[in-house]
Amino acid sequence: MTHIPPRQPDSFQPLAGILAILLPGLGYFALRQPKRAVLTGAPILALILMGLLIGGLDVVNRADAYWWFLVQCGIGPLAFLLNHLRETVAAAGTLTPALAKVNEVGTLYIVMAGMLNLIAIIDCFFHATTDRRRSATPTAGAATP
Amino acid sequence: MIHAAPTLIAWRPFLDPLDLHTLWWLTLIPMALFVAMAYKAVRLPELDDYWRSVAVMTAQIVLAMIALAAALHLIIEFVVPLLSR
């Protein structure tokens, strides 16, 4: 059983929230939950990596896909770094634009990473204790008087 | 041999998109897996039952997408032609 140190229910954790914005999964390290940090950060980073491998750097495009980029910003400063890299590589003329389904899938991968990281950021900022989480689940909640 | 060199290095990771135009739908499976992993890591109160929950959610996502695709196929192929008569 994973031991999590007791905290106030839904306590405000600004440090954990800021760390979660900086890098996916990092906020849970501040909350002393390394296993949860790895299990949150690794799949989000894998989604970003796979999106980039499928569509190339062109899938993070602030200029041509602004609204998608806005959601991709959920991954934090990494989105701006990737957009800057894309602009640099595109200016050098070495970037092949992703078209059609490949562009859509690549973009969607990083959009999903952004939305999931946003959930993790909110969870780190307003962190609930294990007991509070357990009582929020439907089965355990039904058993609680 | 000199002419073959550009073909051998045709795909440059992160610079060129993958040629998945016919197999793009297969990317649903890893996406479903990673989404389930991240979501369950945040949502579960305790991580003891983590991998079973991830497997169940991955299967739910994939099956729901297949059902949605089948439903849309039926609507477009059969219902819309009926309505347009």
# chains A, B, ... in the order shown; residues from 1 in each chain; ligands from 1
>>> residues_around(residues="range 99-108 of chain A", least_positions_apart="6", cutoff="10 Å", atoms="only C-alpha atoms", output="count of residues only")
33
>>> select_by_dssp(residues="chain A", states="strand (DSSP E)", output="PDB file with C-alpha atoms, in the first residue's frame")
ATOM      1  CA  SER A  11      -4.793  21.995   0.775  1.00  0.00           C
ATOM      2  CA  PHE A  12      -3.368  24.726  -1.471  1.00  0.00           C
ATOM      3  CA  PHE A 126      -5.381  21.914  -4.825  1.00  0.00           C
ATOM      4  CA  HIS A 127      -4.198  18.589  -3.575  1.00  0.00           C
TER       5      HIS A 127
END
>>> residues_around(residues="Leu116 in chain A", least_positions_apart="2", cutoff="10 Å", atoms="only C-alpha atoms", output="short mmCIF file (atom, residue, chain, number, x, y, z; two decimals) with N, CA, C and O atoms, in the first residue's frame")
data_model
loop_
_atom_site.label_atom_id
_atom_site.label_comp_id
_atom_site.auth_asym_id
_atom_site.auth_seq_id
_atom_site.Cartn_x
_atom_site.Cartn_y
_atom_site.Cartn_z
N PRO A 24 5.82 18.23 -16.76
CA PRO A 24 4.78 17.25 -16.40
C PRO A 24 5.28 16.24 -15.35
O PRO A 24 6.34 15.64 -15.52
N THR A 40 2.50 9.86 -13.82
CA THR A 40 1.83 10.98 -14.50
C THR A 40 2.74 11.59 -15.57
O THR A 40 2.31 11.82 -16.69
N GLY A 41 3.98 11.82 -15.20
CA GLY A 41 4.91 12.50 -16.11
C GLY A 41 5.31 11.66 -17.32
O GLY A 41 5.33 12.18 -18.44
N PRO A 43 3.81 9.12 -19.10
CA PRO A 43 2.89 9.03 -20.25
C PRO A 43 2.65 10.37 -20.93
O PRO A 43 2.47 10.42 -22.15
N ILE A 44 2.66 11.48 -20.16
CA ILE A 44 2.46 12.80 -20.78
C ILE A 44 3.66 13.13 -21.68
O ILE A 44 3.49 13.57 -22.83
N GLY A 74 -0.87 23.55 -22.25
CA GLY A 74 -1.06 22.81 -21.00
C GLY A 74 0.19 22.05 -20.59
O GLY A 74 0.36 21.73 -19.41
N ILE A 75 1.07 21.75 -21.52
CA ILE A 75 2.32 21.04 -21.16
C ILE A 75 3.36 21.99 -20.56
O ILE A 75 4.44 21.55 -20.17
N ILE A 110 -0.29 15.91 -28.81
CA ILE A 110 0.24 16.93 -27.90
C ILE A 110 -0.90 17.70 -27.23
O ILE A 110 -0.76 18.14 -26.09
N VAL A 111 -2.03 17.81 -27.92
CA VAL A 111 -3.22 18.42 -27.30
C VAL A 111 -3.67 17.56 -26.10
O VAL A 111 -3.98 18.09 -25.03
N MET A 112 -3.68 16.25 -26.29
CA MET A 112 -4.07 15.34 -25.19
C MET A 112 -3.10 15.49 -24.02
O MET A 112 -3.50 15.50 -22.86
N ALA A 113 -1.81 15.59 -24.35
CA ALA A 113 -0.79 15.79 -23.30
C ALA A 113 -1.06 17.09 -22.54
O ALA A 113 -0.98 17.12 -21.31
N GLY A 114 -1.41 18.15 -23.27
CA GLY A 114 -1.70 19.43 -22.64
C GLY A 114 -2.90 19.36 -21.71
O GLY A 114 -2.86 19.88 -20.59
N LEU A 118 -2.91 19.63 -17.60
CA LEU A 118 -3.73 20.65 -16.95
C LEU A 118 -4.47 20.04 -15.74
O LEU A 118 -4.57 20.66 -14.67
N ILE A 119 -4.97 18.82 -15.92
CA ILE A 119 -5.63 18.11 -14.81
C ILE A 119 -4.62 17.91 -13.67
O ILE A 119 -4.92 18.14 -12.50
N ALA A 120 -3.39 17.48 -14.05
CA ALA A 120 -2.35 17.23 -13.05
C ALA A 120 -1.95 18.53 -12.34
O ALA A 120 -1.72 18.53 -11.12
N ILE A 121 -1.90 19.64 -13.09
CA ILE A 121 -1.54 20.94 -12.49
C ILE A 121 -2.59 21.33 -11.44
O ILE A 121 -2.25 21.71 -10.32
N PHE B 34 -1.59 5.82 -23.19
CA PHE B 34 -0.93 6.91 -22.47
C PHE B 34 -1.95 7.81 -21.76
O PHE B 34 -1.69 8.29 -20.66
N VAL B 35 -3.09 8.04 -22.41
CA VAL B 35 -4.14 8.85 -21.78
C VAL B 35 -4.63 8.15 -20.51
O VAL B 35 -4.77 8.77 -19.46
N ALA B 36 -4.87 6.84 -20.62
CA ALA B 36 -5.34 6.07 -19.46
C ALA B 36 -4.30 6.08 -18.34
O ALA B 36 -4.65 6.23 -17.16
N ALA B 38 -1.91 8.37 -17.67
CA ALA B 38 -1.82 9.68 -17.01
C ALA B 38 -3.07 9.96 -16.19
O ALA B 38 -2.98 10.44 -15.06
N TYR B 39 -4.24 9.65 -16.75
CA TYR B 39 -5.49 9.95 -16.05
C TYR B 39 -5.61 9.14 -14.76
O TYR B 39 -5.97 9.68 -13.70
N VAL B 42 -3.43 10.28 -11.86
CA VAL B 42 -3.95 11.45 -11.14
C VAL B 42 -5.18 11.08 -10.32
O VAL B 42 -5.35 11.51 -9.19
#
>>> select_by_dssp(residues="chain B", states="helix (DSSP H, G or I)", output="NGL selection string")
:B and (5-8 or 24-43 or 50-83)
>>> atom_distance(atom1="CA of Arg62 in chain A", atom2="CA of His84 in chain A")
9.2 Å
>>> atom_distance(atom1="CA of Asp16 in chain B", atom2="CA of Pro30 in chain B")
20.2 Å
>>> residues_around(residues="Ala30 in chain A", least_positions_apart="3", cutoff="10 Å", atoms="only C-alpha atoms", output="ChimeraX atom specification")
/A:13,15-20,25-27,33-34,37,124
>>> write_last_selection(atoms="all heavy atoms", output="tab-separated table (two decimals), in the first residue's frame")
chain	number	residue	atom	x	y	z
A	13	GLN	N	-1.30	24.05	-2.57
A	13	GLN	CA	0.12	23.74	-2.67
A	13	GLN	C	0.73	24.52	-3.85
A	13	GLN	O	0.88	23.96	-4.95
A	13	GLN	CB	0.32	22.24	-2.89
A	13	GLN	CG	-0.29	21.34	-1.84
A	13	GLN	CD	0.51	21.33	-0.55
A	13	GLN	OE1	1.70	21.66	-0.55
A	13	GLN	NE2	-0.12	20.98	0.55
A	15	LEU	N	3.79	25.59	-4.53
A	15	LEU	CA	5.07	25.09	-5.05
A	15	LEU	C	4.85	23.89	-5.98
A	15	LEU	O	5.41	23.83	-7.08
A	15	LEU	CB	6.01	24.71	-3.90
A	15	LEU	CG	7.35	24.12	-4.32
A	15	LEU	CD1	8.20	25.17	-5.02
A	15	LEU	CD2	8.10	23.55	-3.13
A	16	ALA	N	4.02	22.96	-5.51
A	16	ALA	CA	3.74	21.76	-6.33
A	16	ALA	C	3.06	22.16	-7.64
A	16	ALA	O	3.39	21.61	-8.71
A	16	ALA	CB	2.84	20.81	-5.54
A	17	GLY	N	2.15	23.13	-7.57
A	17	GLY	CA	1.46	23.58	-8.78
A	17	GLY	C	2.41	24.20	-9.78
A	17	GLY	O	2.35	23.91	-10.98
A	18	ILE	N	3.32	25.04	-9.28
A	18	ILE	CA	4.29	25.71	-10.17
A	18	ILE	C	5.23	24.68	-10.80
A	18	ILE	O	5.53	24.74	-11.99
A	18	ILE	CB	5.06	26.81	-9.40
A	18	ILE	CG1	4.11	27.97	-9.09
A	18	ILE	CG2	6.26	27.32	-10.20
A	18	ILE	CD1	4.59	28.93	-8.03
A	19	LEU	N	5.67	23.72	-9.98
A	19	LEU	CA	6.55	22.67	-10.51
A	19	LEU	C	5.82	21.82	-11.56
A	19	LEU	O	6.42	21.41	-12.56
A	19	LEU	CB	7.07	21.78	-9.37
A	19	LEU	CG	8.11	22.41	-8.47
A	19	LEU	CD1	8.42	21.51	-7.29
A	19	LEU	CD2	9.40	22.71	-9.25
A	20	ALA	N	4.52	21.59	-11.33
A	20	ALA	CA	3.73	20.82	-12.30
A	20	ALA	C	3.60	21.58	-13.62
A	20	ALA	O	3.55	20.96	-14.69
A	20	ALA	CB	2.35	20.53	-11.74
A	25	GLY	N	4.51	16.10	-14.29
A	25	GLY	CA	4.82	15.12	-13.25
A	25	GLY	C	5.65	15.65	-12.10
A	25	GLY	O	5.70	15.06	-11.02
A	26	LEU	N	6.31	16.79	-12.30
A	26	LEU	CA	7.25	17.31	-11.29
A	26	LEU	C	6.54	17.73	-10.00
A	26	LEU	O	7.10	17.63	-8.92
A	26	LEU	CB	8.03	18.49	-11.89
A	26	LEU	CG	9.39	18.81	-11.29
A	26	LEU	CD1	10.33	17.62	-11.43
A	26	LEU	CD2	10.00	20.03	-11.98
A	27	GLY	N	5.30	18.18	-10.12
A	27	GLY	CA	4.56	18.65	-8.96
A	27	GLY	C	4.37	17.58	-7.90
A	27	GLY	O	4.41	17.87	-6.70
A	33	GLN	N	5.22	12.27	-3.59
A	33	GLN	CA	4.57	11.10	-4.22
A	33	GLN	C	5.34	10.74	-5.49
A	33	GLN	O	4.85	10.98	-6.60
A	33	GLN	CB	3.12	11.41	-4.53
A	33	GLN	CG	2.28	11.70	-3.30
A	33	GLN	CD	0.82	11.96	-3.62
A	33	GLN	OE1	0.27	11.49	-4.60
A	33	GLN	NE2	0.19	12.74	-2.78
A	34	PRO	N	6.54	10.17	-5.34
A	34	PRO	CA	7.38	9.93	-6.52
A	34	PRO	C	6.77	8.94	-7.51
A	34	PRO	O	6.92	9.11	-8.73
A	34	PRO	CB	8.68	9.37	-5.92
A	34	PRO	CG	8.34	8.94	-4.55
A	34	PRO	CD	7.21	9.80	-4.09
A	37	ALA	N	4.27	10.74	-9.47
A	37	ALA	CA	4.98	11.69	-10.35
A	37	ALA	C	5.45	11.00	-11.62
A	37	ALA	O	5.26	11.51	-12.72
A	37	ALA	CB	6.16	12.28	-9.60
A	124	CYS	N	-2.29	19.24	-8.41
A	124	CYS	CA	-1.13	19.60	-7.57
A	124	CYS	C	-1.39	20.90	-6.80
A	124	CYS	O	-1.02	21.01	-5.63
A	124	CYS	CB	0.12	19.74	-8.43
A	124	CYS	SG	0.78	18.16	-8.98
>>> closest_residue(among="A:Leu70, A:Glu87, A:Tyr109, A:Arg32", to="Ala46 in chain A", atoms="only C-alpha atoms")
A:Tyr109
